[in-house]
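Dumped start04.csv below, it's CSV, C-alpha atoms and all ligand atoms:
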chain,number,residue,atom,x,y,z
A,21,MET,CA,0.0,0.0,0.0
A,22,SER,CA,1.4,3.4,-1.0
A,23,VAL,CA,1.5,6.3,1.5
A,24,PHE,CA,1.4,9.8,0.0
A,25,LEU,CA,1.4,13.1,1.8
A,26,HIS,CA,0.5,16.4,0.3
A,27,ILE,CA,1.5,19.5,2.2
A,28,ASP,CA,0.1,22.9,1.4
A,29,MET,CA,1.3,26.0,3.3
A,30,ASN,CA,-1.7,28.1,4.2
A,31,ASN,CA,-2.1,31.6,2.6
A,32,PHE,CA,1.5,31.3,1.6
A,33,TYR,CA,2.7,34.9,0.6
A,34,ALA,CA,0.5,36.5,3.3
A,35,SER,CA,1.8,34.1,5.9
A,36,VAL,CA,5.4,34.8,5.1
A,37,GLU,CA,4.7,38.5,5.6
A,38,CYS,CA,2.9,38.0,8.8
A,39,ALA,CA,5.5,35.7,10.2
A,40,GLU,CA,8.1,38.4,9.5
A,41,ARG,CA,6.0,41.3,10.9
A,42,PRO,CA,4.1,40.2,14.0
A,43,SER,CA,2.3,43.6,14.1
A,44,LEU,CA,0.4,42.5,11.0
A,45,ARG,CA,-1.0,39.4,12.5
A,46,SER,CA,-4.1,40.9,14.1
A,47,LEU,CA,-5.0,42.9,10.9
A,48,PRO,CA,-6.5,41.9,7.6
A,49,VAL,CA,-3.5,41.7,5.3
A,50,ALA,CA,-3.2,41.2,1.5
A,51,VAL,CA,-0.2,40.8,-0.6
A,52,ALA,CA,-1.0,42.7,-3.7
A,53,GLY,CA,0.7,43.7,-6.9
A,54,ASP,CA,1.4,47.4,-6.8
A,55,PRO,CA,-1.0,48.3,-3.9
A,56,LYS,CA,-0.5,52.0,-4.7
A,57,LYS,CA,-2.3,51.7,-7.9
A,58,ARG,CA,-6.0,51.0,-7.4
A,59,HIS,CA,-6.0,48.3,-10.1
A,60,GLY,CA,-3.4,46.2,-8.3
A,61,VAL,CA,-4.6,42.7,-7.7
A,62,VAL,CA,-4.6,40.6,-4.5
A,63,LEU,CA,-2.2,37.7,-4.8
A,64,ALA,CA,-2.7,36.3,-1.3
A,65,LYS,CA,-4.6,37.2,1.9
A,66,ASN,CA,-4.3,36.2,5.5
A,67,GLN,CA,-7.0,34.4,7.5
A,68,ILE,CA,-8.5,37.6,8.8
A,69,ALA,CA,-8.9,39.2,5.3
A,70,LYS,CA,-10.4,35.9,4.1
A,71,LYS,CA,-13.1,36.2,6.8
A,72,TYR,CA,-14.0,39.6,5.4
A,73,GLY,CA,-14.5,37.8,2.0
A,74,VAL,CA,-11.3,39.1,0.3
A,75,LYS,CA,-10.4,36.8,-2.5
A,76,THR,CA,-7.3,36.2,-4.5
A,77,GLY,CA,-7.8,38.1,-7.8
A,78,ASP,CA,-9.8,40.9,-6.2
A,79,THR,CA,-8.6,44.4,-7.1
A,80,VAL,CA,-7.1,46.5,-4.3
A,81,LEU,CA,-10.2,48.7,-4.4
A,82,GLU,CA,-12.6,45.7,-4.0
A,83,ALA,CA,-10.5,44.3,-1.1
A,84,GLN,CA,-10.6,47.7,0.6
A,85,MET,CA,-14.4,47.8,0.3
A,86,LYS,CA,-14.7,44.3,1.8
A,87,ALA,CA,-12.2,44.8,4.6
A,88,PRO,CA,-11.8,48.4,5.6
A,89,GLY,CA,-8.4,49.0,7.1
A,90,ILE,CA,-6.8,46.1,5.2
A,91,VAL,CA,-3.0,46.4,5.0
A,92,PHE,CA,-1.5,45.9,1.5
A,93,VAL,CA,2.0,44.5,1.3
A,94,PRO,CA,4.0,44.4,-2.0
A,95,PRO,CA,5.2,40.9,-2.9
A,96,GLN,CA,8.8,39.8,-2.3
A,97,PHE,CA,9.2,36.8,-4.4
A,98,ASP,CA,12.9,36.2,-3.5
A,99,LYS,CA,11.8,35.8,0.1
A,100,TYR,CA,9.0,33.4,-0.8
A,101,ASP,CA,11.4,31.4,-2.9
A,102,LYS,CA,13.7,31.0,0.1
A,103,ILE,CA,10.9,29.9,2.4
A,104,SER,CA,9.6,27.5,-0.2
A,105,ARG,CA,13.0,25.9,-0.6
A,106,LYS,CA,13.2,25.5,3.2
A,107,MET,CA,9.9,23.7,3.2
A,108,PHE,CA,11.0,21.3,0.4
A,109,GLY,CA,14.2,20.8,2.4
A,110,ILE,CA,12.2,19.8,5.5
A,111,CYS,CA,10.0,17.5,3.4
A,112,ASN,CA,13.1,15.8,2.0
A,113,LYS,CA,13.9,14.6,5.5
A,114,TYR,CA,10.9,12.3,5.5
A,115,ALA,CA,10.7,10.9,1.9
A,116,TYR,CA,12.9,9.8,-0.9
A,117,ARG,CA,10.7,11.5,-3.3
A,118,VAL,CA,9.3,15.0,-3.0
A,119,GLU,CA,7.4,16.5,-5.9
A,120,PRO,CA,6.8,20.2,-5.8
A,121,PHE,CA,3.5,21.5,-7.1
A,122,GLY,CA,3.9,25.2,-7.0
A,123,PRO,CA,5.9,27.2,-4.5
A,124,ASP,CA,3.8,26.3,-1.4
A,125,GLU,CA,2.8,22.7,-1.9
A,126,CYS,CA,4.3,19.4,-2.7
A,127,TRP,CA,3.8,15.6,-2.5
A,128,LEU,CA,5.9,13.3,-0.5
A,129,ASP,CA,6.0,9.6,-1.3
A,130,CYS,CA,6.4,8.1,2.2
A,131,THR,CA,5.7,4.5,1.1
A,132,GLU,CA,9.1,3.4,2.1
A,133,THR,CA,9.8,5.7,5.0
A,134,GLU,CA,6.5,5.9,6.9
A,135,LYS,CA,7.6,3.1,9.3
A,136,MET,CA,10.7,4.9,10.2
A,137,PHE,CA,8.6,7.8,11.5
A,138,GLY,CA,5.6,6.0,13.0
A,139,GLY,CA,3.2,6.2,10.0
A,140,GLY,CA,1.8,8.7,7.6
A,141,GLU,CA,-0.3,10.6,10.1
A,142,SER,CA,2.7,11.1,12.4
A,143,ILE,CA,4.8,12.4,9.6
A,144,ALA,CA,2.0,14.8,8.7
A,145,ASP,CA,1.7,16.1,12.2
A,146,GLU,CA,5.5,16.4,12.6
A,147,LEU,CA,5.8,18.2,9.3
A,148,ARG,CA,3.2,20.7,10.3
A,149,GLU,CA,4.9,21.3,13.6
A,150,ARG,CA,8.3,21.8,12.0
A,151,VAL,CA,7.0,24.1,9.4
A,152,LYS,CA,5.3,26.2,12.1
A,153,ARG,CA,8.3,26.2,14.3
A,154,GLU,CA,11.0,26.7,11.7
A,155,LEU,CA,9.2,28.9,9.2
A,156,GLY,CA,6.5,30.5,11.3
A,157,ILE,CA,3.8,29.4,8.9
A,158,THR,CA,0.9,27.0,9.3
A,159,ALA,CA,0.3,24.2,6.8
A,160,SER,CA,-2.4,21.7,6.0
A,161,VAL,CA,-1.5,18.1,5.2
A,162,GLY,CA,-3.4,15.3,3.5
A,163,VAL,CA,-2.4,11.7,3.9
A,164,SER,CA,-3.7,9.0,1.6
A,165,PHE,CA,-3.1,5.9,-0.5
A,166,THR,CA,-3.2,8.0,-3.7
A,167,LYS,CA,-1.5,11.2,-4.6
A,168,MET,CA,-4.7,13.0,-5.6
A,169,PHE,CA,-6.6,12.0,-2.4
A,170,ALA,CA,-3.7,13.3,-0.4
A,171,LYS,CA,-4.1,16.6,-2.3
A,172,LEU,CA,-7.8,16.7,-1.6
A,173,GLY,CA,-7.0,15.9,2.1
A,174,SER,CA,-4.7,18.9,2.4
A,175,ASP,CA,-7.7,21.1,1.5
A,176,MET,CA,-10.0,19.8,4.1
A,177,LYS,CA,-8.7,21.2,7.4
A,178,LYS,CA,-7.4,24.7,6.9
A,179,PRO,CA,-5.5,26.2,8.5
A,180,ASP,CA,-3.1,23.9,10.3
A,181,GLY,CA,-4.7,20.4,10.1
A,182,THR,CA,-4.0,16.9,9.1
A,183,THR,CA,-6.6,14.9,7.2
A,184,VAL,CA,-6.2,11.2,6.5
A,185,ILE,CA,-8.2,9.5,3.8
A,186,PHE,CA,-8.2,5.8,4.1
A,187,GLU,CA,-9.3,3.1,1.7
A,188,ASP,CA,-12.4,2.5,3.9
A,189,ASN,CA,-13.5,6.0,4.2
A,190,PHE,CA,-12.7,7.7,0.9
A,191,ARG,CA,-16.2,7.1,-0.4
A,192,ASP,CA,-17.6,9.2,2.4
A,193,LYS,CA,-14.9,11.9,2.4
A,194,VAL,CA,-14.1,12.3,-1.3
A,195,TRP,CA,-17.1,11.3,-3.3
A,196,PRO,CA,-19.5,14.1,-2.2
A,197,LEU,CA,-17.0,16.7,-3.4
A,198,PRO,CA,-17.6,18.6,-6.6
A,199,ALA,CA,-15.7,17.0,-9.6
A,200,GLU,CA,-13.8,20.2,-10.2
A,201,GLU,CA,-11.9,19.8,-7.0
A,202,LEU,CA,-9.9,17.1,-8.6
A,203,CYS,CA,-6.6,18.2,-9.9
A,204,GLY,CA,-6.8,18.2,-13.7
A,205,VAL,CA,-10.5,19.1,-13.9
A,206,GLY,CA,-10.6,22.6,-15.3
A,207,ARG,CA,-13.5,24.8,-16.3
A,208,LYS,CA,-14.0,23.1,-19.7
A,209,THR,CA,-13.9,19.6,-18.4
A,210,THR,CA,-16.4,20.6,-15.6
A,211,ALA,CA,-18.8,22.0,-18.2
A,212,LYS,CA,-18.5,18.8,-20.3
A,213,LEU,CA,-19.1,16.6,-17.2
A,214,ASN,CA,-22.0,18.7,-16.0
A,215,LYS,CA,-23.6,18.3,-19.4
A,216,ILE,CA,-23.9,14.5,-18.9
A,217,ASN,CA,-25.0,15.1,-15.3
A,218,ILE,CA,-21.8,14.4,-13.5
A,219,HIS,CA,-21.3,16.9,-10.7
A,220,THR,CA,-19.5,15.1,-7.9
A,221,ILE,CA,-16.3,13.0,-7.8
A,222,GLY,CA,-18.5,10.1,-6.8
A,223,GLU,CA,-20.6,10.5,-9.9
A,224,LEU,CA,-17.4,10.5,-12.0
A,225,ALA,CA,-16.3,7.4,-10.2
A,226,HIS,CA,-19.6,5.6,-11.1
A,227,SER,CA,-19.7,6.9,-14.6
A,228,ASP,CA,-19.6,4.6,-17.6
A,229,GLU,CA,-16.0,4.3,-18.7
A,230,ARG,CA,-16.9,4.3,-22.4
A,231,VAL,CA,-19.0,7.4,-22.1
A,232,ILE,CA,-16.2,9.2,-20.3
A,233,SER,CA,-13.7,7.9,-22.8
A,234,LYS,CA,-15.7,9.3,-25.7
A,235,LEU,CA,-16.2,12.6,-24.0
A,236,LEU,CA,-12.7,13.3,-22.7
A,237,GLY,CA,-10.4,10.6,-24.1
A,238,LYS,CA,-7.6,9.1,-22.1
A,239,PRO,CA,-7.3,12.0,-19.6
A,240,GLY,CA,-10.9,11.4,-18.8
A,241,ARG,CA,-10.4,7.7,-18.2
A,242,ASP,CA,-7.5,8.7,-15.9
A,243,LEU,CA,-9.7,11.1,-14.0
A,244,ARG,CA,-12.3,8.4,-13.6
A,245,SER,CA,-9.6,6.1,-12.1
A,246,ILE,CA,-8.5,8.8,-9.7
A,247,ALA,CA,-12.0,9.3,-8.6
A,248,ARG,CA,-12.3,5.5,-7.9
A,249,GLY,CA,-9.1,5.6,-5.8
A,250,GLU,CA,-7.2,3.5,-8.3
A,251,SER,CA,-3.6,3.9,-9.3
A,252,CYS,CA,-2.7,7.4,-10.4
A,253,HIS,CA,0.8,7.2,-11.7
A,254,ASP,CA,-0.3,7.1,-15.3
A,255,VAL,CA,-2.2,10.2,-14.6
A,256,ARG,CA,0.9,12.0,-13.3
A,257,GLU,CA,2.2,11.8,-16.9
A,258,ALA,CA,-1.1,12.8,-18.4
A,259,ILE,CA,-1.8,15.8,-16.2
A,260,TYR,CA,1.6,17.2,-15.4
A,261,GLY,CA,3.3,16.3,-18.7
A,262,ARG,CA,6.6,15.6,-17.1
A,263,ASP,CA,9.4,15.9,-19.6
A,264,VAL,CA,12.6,14.7,-18.1
A,265,LYS,CA,14.9,13.2,-20.7
A,266,SER,CA,18.0,12.6,-18.7
A,267,VAL,CA,19.5,12.9,-15.2
A,268,GLY,CA,23.2,13.6,-14.7
A,269,HIS,CA,25.9,14.8,-12.4
A,270,GLY,CA,29.3,16.2,-13.3
A,271,LEU,CA,32.2,17.3,-11.2
A,272,THR,CA,35.6,19.0,-11.7
A,273,ALA,CA,38.0,17.3,-9.5
A,274,LEU,CA,40.1,19.1,-6.9
A,275,ARG,CA,43.2,17.6,-8.5
A,276,ASP,CA,43.9,15.8,-11.8
A,277,LEU,CA,42.8,12.1,-11.8
A,278,THR,CA,45.9,10.1,-12.6
A,279,THR,CA,45.1,6.5,-11.6
A,280,ASP,CA,42.3,4.1,-12.3
A,281,ASP,CA,41.4,4.3,-8.6
A,282,ASP,CA,41.0,8.0,-8.8
A,283,VAL,CA,38.7,7.7,-11.8
A,284,GLU,CA,36.6,4.9,-10.3
A,285,THR,CA,36.2,6.8,-7.0
A,286,LEU,CA,34.8,9.8,-8.8
A,287,VAL,CA,32.6,7.7,-11.2
A,288,TYR,CA,31.1,5.8,-8.2
A,289,TYR,CA,30.4,9.1,-6.4
A,290,LEU,CA,28.7,10.6,-9.4
A,291,SER,CA,26.7,7.4,-10.0
A,292,GLU,CA,25.5,7.4,-6.5
A,293,LEU,CA,24.1,10.9,-6.9
A,294,VAL,CA,22.5,10.0,-10.2
A,295,SER,CA,21.0,6.8,-8.8
A,296,ALA,CA,19.6,8.6,-5.8
A,297,ARG,CA,17.9,11.2,-8.0
A,298,LEU,CA,16.5,8.5,-10.3
A,299,ARG,CA,14.9,6.8,-7.4
A,300,LYS,CA,13.7,10.0,-6.0
A,301,TYR,CA,11.9,10.8,-9.3
A,302,GLY,CA,10.6,7.3,-9.7
A,303,PHE,CA,12.5,6.4,-12.8
A,304,LYS,CA,14.8,3.8,-14.2
A,305,ALA,CA,17.1,4.3,-17.1
A,306,SER,CA,18.1,2.1,-20.0
A,307,GLY,CA,21.0,4.3,-21.2
A,308,VAL,CA,24.2,5.5,-19.5
A,309,SER,CA,26.6,8.0,-20.8
A,310,VAL,CA,29.9,9.3,-19.6
A,311,SER,CA,32.1,12.1,-20.7
A,312,ALA,CA,35.5,13.2,-19.4
A,313,ARG,CA,37.6,16.2,-19.8
A,314,SER,CA,41.4,15.8,-19.7
A,315,PHE,CA,43.9,18.2,-18.2
A,316,LEU,CA,44.4,19.4,-21.7
A,317,LEU,CA,40.7,20.3,-21.6
A,318,SER,CA,39.7,18.1,-24.5
A,319,ARG,CA,36.4,16.3,-23.9
A,320,GLN,CA,35.5,12.8,-24.9
A,321,GLY,CA,32.4,10.8,-24.2
A,322,LYS,CA,30.5,7.6,-25.0
A,323,GLN,CA,27.2,6.1,-24.3
A,324,ALA,CA,25.6,2.7,-24.1
A,325,VAL,CA,22.1,1.2,-24.1
A,326,LEU,CA,21.5,-1.5,-21.5
A,327,PRO,CA,19.5,-4.7,-22.0
A,328,TYR,CA,17.2,-3.7,-19.1
A,329,PRO,CA,16.4,-0.5,-17.2
A,330,VAL,CA,18.5,0.2,-14.1
A,331,SER,CA,18.6,2.6,-11.2
A,332,SER,CA,21.3,1.2,-8.9
A,333,SER,CA,24.5,3.1,-8.4
A,334,TRP,CA,26.4,-0.2,-9.1
A,335,ASP,CA,24.9,-0.6,-12.5
A,336,ILE,CA,25.4,3.0,-13.5
A,337,ALA,CA,29.0,3.1,-12.2
A,338,GLU,CA,30.1,-0.2,-13.8
A,339,THR,CA,28.7,0.8,-17.1
A,340,ALA,CA,30.3,4.2,-17.0
A,341,ILE,CA,33.6,2.7,-16.0
A,342,ASN,CA,33.6,0.3,-18.8
A,343,LEU,CA,32.7,3.0,-21.3
A,344,LEU,CA,35.4,5.2,-20.0
A,345,ARG,CA,38.0,2.4,-20.3
A,346,SER,CA,37.0,2.0,-23.9
A,347,PHE,CA,38.2,5.5,-24.9
A,348,HIS,CA,40.4,6.8,-22.1
A,349,ASP,CA,44.1,6.4,-22.9
A,350,GLY,CA,45.3,7.2,-19.4
A,351,THR,CA,45.7,11.0,-19.9
A,352,PRO,CA,45.1,12.7,-16.5
A,353,LEU,CA,41.5,13.7,-16.3
A,354,ARG,CA,40.1,16.9,-14.8
A,355,SER,CA,36.4,16.4,-14.8
A,356,ILE,CA,33.8,13.6,-15.4
A,357,ASP,CA,30.1,13.6,-16.2
A,358,VAL,CA,27.9,10.7,-15.6
A,359,SER,CA,24.3,10.7,-16.9
A,360,VAL,CA,21.5,8.4,-17.7
A,361,PHE,CA,18.9,8.6,-20.4
A,362,ALA,CA,16.0,6.6,-21.9
A,363,LEU,CA,14.0,6.9,-18.7
A,364,SER,CA,11.0,4.8,-17.8
A,365,ASP,CA,8.7,4.6,-14.9
A,366,GLU,CA,10.3,2.4,-12.2
A,367,ARG,CA,7.0,0.7,-11.6
A,368,ALA,CA,6.7,-0.6,-15.1
A,369,PRO,CA,7.0,-4.4,-15.1
A,370,HIS,CA,10.4,-5.7,-16.0
A,371,GLN,CA,11.3,-9.3,-16.7
A,372,LEU,CA,14.1,-10.6,-14.5
A,373,SER,CA,16.5,-12.9,-16.1
A,374,PHE,CA,18.7,-15.4,-14.2
A,375,PHE,CA,21.3,-15.3,-16.9
A,376,ASP,CA,22.2,-11.7,-17.0
A,377,ASP,CA,23.2,-9.3,-14.3
A,378,SER,CA,19.7,-8.2,-13.4
A,379,LEU,CA,19.7,-10.2,-10.1
A,380,LYS,CA,22.8,-8.4,-9.1
A,381,SER,CA,21.1,-5.2,-10.0
A,382,VAL,CA,18.2,-5.9,-7.7
A,383,LYS,CA,20.6,-6.6,-4.8
A,384,SER,CA,22.6,-3.6,-5.4
A,385,GLU,CA,19.4,-1.5,-5.6
A,386,SER,CA,18.3,-2.7,-2.1
A,387,LEU,CA,21.8,-1.8,-0.8
A,388,ASP,CA,21.4,1.7,-2.3
A,389,LYS,CA,18.1,2.0,-0.6
A,390,ALA,CA,19.4,0.9,2.7
A,391,ILE,CA,22.3,3.4,2.4
A,392,GLU,CA,19.9,6.1,1.6
A,393,LYS,CA,17.7,5.3,4.5
A,394,ILE,CA,20.7,5.7,6.8
A,395,ARG,CA,21.7,9.0,5.2
A,396,LEU,CA,18.1,10.2,5.5
A,397,LYS,CA,18.3,9.6,9.2
A,398,TYR,CA,21.8,10.6,10.0
A,399,GLY,CA,23.1,12.7,7.1
A,400,ARG,CA,25.1,12.0,4.0
A,401,SER,CA,28.4,11.6,5.8
A,402,ALA,CA,27.1,8.8,8.1
A,403,ILE,CA,28.0,6.2,5.5
A,404,ILE,CA,30.4,6.4,2.6
A,405,ARG,CA,32.0,4.0,0.3
A,406,GLY,CA,35.4,2.7,1.4
A,407,ALA,CA,37.2,4.3,-1.6
A,408,GLN,CA,35.6,7.6,-0.8
A,409,ALA,CA,36.7,7.8,2.8
A,410,ASN,CA,40.1,9.3,2.4
A,411,GLN,CA,40.0,10.8,-1.0
A,412,ASP,CA,41.2,14.3,-1.9
A,413,ILE,CA,39.4,14.4,-5.3
A,414,PHE,CA,36.1,16.2,-4.4
A,415,THR,CA,34.4,17.7,-1.4
A,416,ASP,CA,31.3,15.7,-0.6
A,417,LYS,CA,28.4,17.9,0.2
A,418,ASP,CA,24.7,17.5,0.7
A,419,VAL,CA,23.5,18.2,-2.8
A,420,GLY,CA,20.5,20.5,-2.4
A,421,ASP,CA,18.5,18.8,-5.0
A,422,PHE,CA,14.9,19.1,-4.1
A,423,LEU,CA,13.5,20.7,-7.2
A,424,PRO,CA,13.5,17.8,-9.6
A,425,PHE,CA,11.7,19.5,-12.4
A,426,LYS,CA,11.7,22.9,-13.8
A,427,ARG,CA,8.3,24.2,-13.6
B,501,MG,MG,-1.3,27.1,-0.2

As structure tokens, the full file:
Amino acid sequence: MSVFLHIDMNNFYASVECAERPSLRSLPVAVAGDPKKRHGVVLAKNQIAKKYGVKTGDTVLEAQMKAPGIVFVPPQFDKYDKISRKMFGICNKYAYRVEPFGPDECWLDCTETEKMFGGGESIADELRERVKRELGITASVGVSFTKMFAKLGSDMKKPDGTTVIFEDNFRDKVWPLPAEELCGVGRKTTAKLNKINIHTIGELAHSDERVISKLLGKPGRDLRSIARGESCHDVREAIYGRDVKSVGHGLTALRDLTTDDDVETLVYYLSELVSARLRKYGFKASGVSVSARSFLLSRQGKQAVLPYPVSSSWDIAETAINLLRSFHDGTPLRSIDVSVFALSDERAPHQLSFFDDSLKSVKSESLDKAIEKIRLKYGRSAIIRGAQANQDIFTDKDVGDFLPFKR
């Protein structure tokens, strides 16, 4: 059973402003584009302004009429960006995979980590507490067995609440909601659904698959599956149109790499980073490529396609090392790049063969996972490969890689 969390910081921009200036907290506050001009638009409002009926998208003038005495604050996007990175950073401590969805919300796949932290609900409560303590902002968190139900859950108790949607109560909690609350159901889709008398998520769940298919195509079928609480990872592709072609890491060494050991140490290190990111995004790769720049600054590279998709650091490193050997003549190297391509969903079925290396792959993958678990708990330096222990080739640092996709 999967465990997904969705965290959503409440009234994000306005909360950041109020956290910074306590004097604002007892007043209605709106972050608005160009508050001096009357046509400036409200981008966010605090809880008090919300009670007066102020809405995102209202003009400054409208907001003033609804909430006399409202304080307008100009947006400071750099600051919001900083806070949002901090939030993703906190989330990264609880899940291998964190998927941002806008600056103030993201999903966490806690399927493999929930036991370490006492279950999805405890993670949710802990996350809320930490975000409140460390960032001064309240957040709402949904916990569920599908991503979309987790997202719906994070909308149910605002501000500052956790909502758990289980397999045995989603029909009561989710089905009465209007269909347009589902992520991916926009105005046009809503109109089409309404026309055939589908107004709630429950009605969408009970709809005839062929009718929906005819009306909305594959995206419609996916939405229907989401409404039924079925798998939604296909939908992720359909709705968010992820377009990641490759994942890679490169590094210029602190000194020239003169021996095979030097080269292998760096390749293993880079492969670990690539492997961890692959797993974080939920991908496997069927292609590995490596390139190297010599101390003369000439660059050479090569790539290979593997017989089966991989994500373990061992697979990536061994392939990269073999590729490097095939073109590297022993000239001292200054930098190496390792990347993988031909990505596929890690959950896609894959035939294991006893005659190739795929069993070794599986073992090495579980080793990677175990290592990552330890690092998640105690930090990156808690466990390192023997060869990396006393090297002077690179400085190992926590790679702040929590924004997997450009949005
Ligand atoms: Mg929000």

Practice problem: Residues within 8 Å of ligand MG 501 (chain B) should be enumerated using only C-alpha atoms and all ligand atoms and returned as a ChimeraX atom specification. | Solution: /A:28-32,124-125,159

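Proximity of A:Ala305, A:Glu82, A:Ser227, A:Leu396 to A:Gly109, computed with all atoms listed in the file, is greatest for A:Leu396.
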
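For A:Phe165, the list of residues within 7 Å, based on all atoms listed in the file and with local chain neighbours fewer than 5 positions off taken out, reads Met21, Ser22, Val23, Phe24 and Phe186 of chain A.
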
Quiz item: Mind listing as a PyMOL selection string all residues within 8 Å of (28.5, 14.4, -14.5), counting all atoms listed in the file?
Solution: chain A and resi 268-271+290+310-311+356-359

Quiz item: Suppose you want the space between atom CA of A:Ser160 and atom CA of A:Lys113; what is it in Å?
Solution: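 Computing the Euclidean distance for atom CA of A:Ser160 and atom CA of A:Lys113 yields 17.8 Å.
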
Quiz prompt | Long-range neighbours of A:Asp192 as a list in words, 10 Å cut-off, only C-alpha atoms, 5 positions minimum in chain | solution =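 Near A:Asp192, the qualifying residues are Ile185, Leu197 and Gly222 of chain A.
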
Near A:Pro95, counting all atoms listed in the file, which residues have an atom at most 9 Å away, once you skip same-chain residues fewer than 4 positions from it, shown as a JSON list (two decimals) with C-alpha atoms, keeping the file's coordinate frame?
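part19.json written:
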[["chain", "number", "residue", "atom", "x", "y", "z"],
["A", 33, "TYR", "CA", 2.70, 34.90, 0.60],
["A", 34, "ALA", "CA", 0.50, 36.50, 3.30],
["A", 37, "GLU", "CA", 4.70, 38.50, 5.60],
["A", 51, "VAL", "CA", -0.20, 40.80, -0.60],
["A", 52, "ALA", "CA", -1.00, 42.70, -3.70],
["A", 53, "GLY", "CA", 0.70, 43.70, -6.90],
["A", 54, "ASP", "CA", 1.40, 47.40, -6.80],
["A", 63, "LEU", "CA", -2.20, 37.70, -4.80],
["A", 99, "LYS", "CA", 11.80, 35.80, 0.10],
["A", 100, "TYR", "CA", 9.00, 33.40, -0.80]]

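Distance annotation: of A:Ile68, A:Val360, A:Cys203, A:Gly321, the residue with the minimal separation from A:Pro88 is A:Ile68; atom set is all atoms listed in the file.
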
Missing atoms in stretch 36-51 of chain A: fill them in up to N, CA and C atoms and send the result as a CSV table (one decimal), keeping the file's coordinate frame.
chain,number,residue,atom,x,y,z
A,36,VAL,N,4.0,34.5,5.0
A,36,VAL,CA,5.4,34.8,5.1
A,36,VAL,C,5.5,36.3,5.6
A,37,GLU,N,4.7,37.1,5.1
A,37,GLU,CA,4.7,38.5,5.6
A,37,GLU,C,4.3,38.7,7.0
A,38,CYS,N,3.3,37.9,7.4
A,38,CYS,CA,2.9,38.0,8.8
A,38,CYS,C,3.9,37.4,9.8
A,39,ALA,N,4.5,36.3,9.3
A,39,ALA,CA,5.5,35.7,10.2
A,39,ALA,C,6.7,36.7,10.4
A,40,GLU,N,7.0,37.5,9.4
A,40,GLU,CA,8.1,38.4,9.5
A,40,GLU,C,7.7,39.6,10.4
A,41,ARG,N,6.5,40.1,10.2
A,41,ARG,CA,6.0,41.3,10.9
A,41,ARG,C,4.8,41.0,11.8
A,42,PRO,N,5.1,40.6,13.1
A,42,PRO,CA,4.1,40.2,14.0
A,42,PRO,C,3.0,41.3,14.2
A,43,SER,N,3.3,42.5,14.0
A,43,SER,CA,2.3,43.6,14.1
A,43,SER,C,1.2,43.4,13.1
A,44,LEU,N,1.4,42.7,12.0
A,44,LEU,CA,0.4,42.5,11.0
A,44,LEU,C,-0.6,41.5,11.4
A,45,ARG,N,-0.2,40.6,12.3
A,45,ARG,CA,-1.0,39.4,12.5
A,45,ARG,C,-2.5,39.6,13.0
A,46,SER,N,-2.7,40.7,13.6
A,46,SER,CA,-4.1,40.9,14.1
A,46,SER,C,-4.9,41.7,13.1
A,47,LEU,N,-4.3,42.0,11.9
A,47,LEU,CA,-5.0,42.9,10.9
A,47,LEU,C,-5.3,42.1,9.7
A,48,PRO,N,-6.3,42.5,8.9
A,48,PRO,CA,-6.5,41.9,7.6
A,48,PRO,C,-5.4,42.4,6.7
A,49,VAL,N,-4.7,41.4,6.1
A,49,VAL,CA,-3.5,41.7,5.3
A,49,VAL,C,-3.7,41.0,3.9
A,50,ALA,N,-3.3,41.8,2.9
A,50,ALA,CA,-3.2,41.2,1.5
A,50,ALA,C,-1.9,41.5,0.9
A,51,VAL,N,-1.3,40.5,0.2
A,51,VAL,CA,-0.2,40.8,-0.6
A,51,VAL,C,-0.7,41.1,-2.0
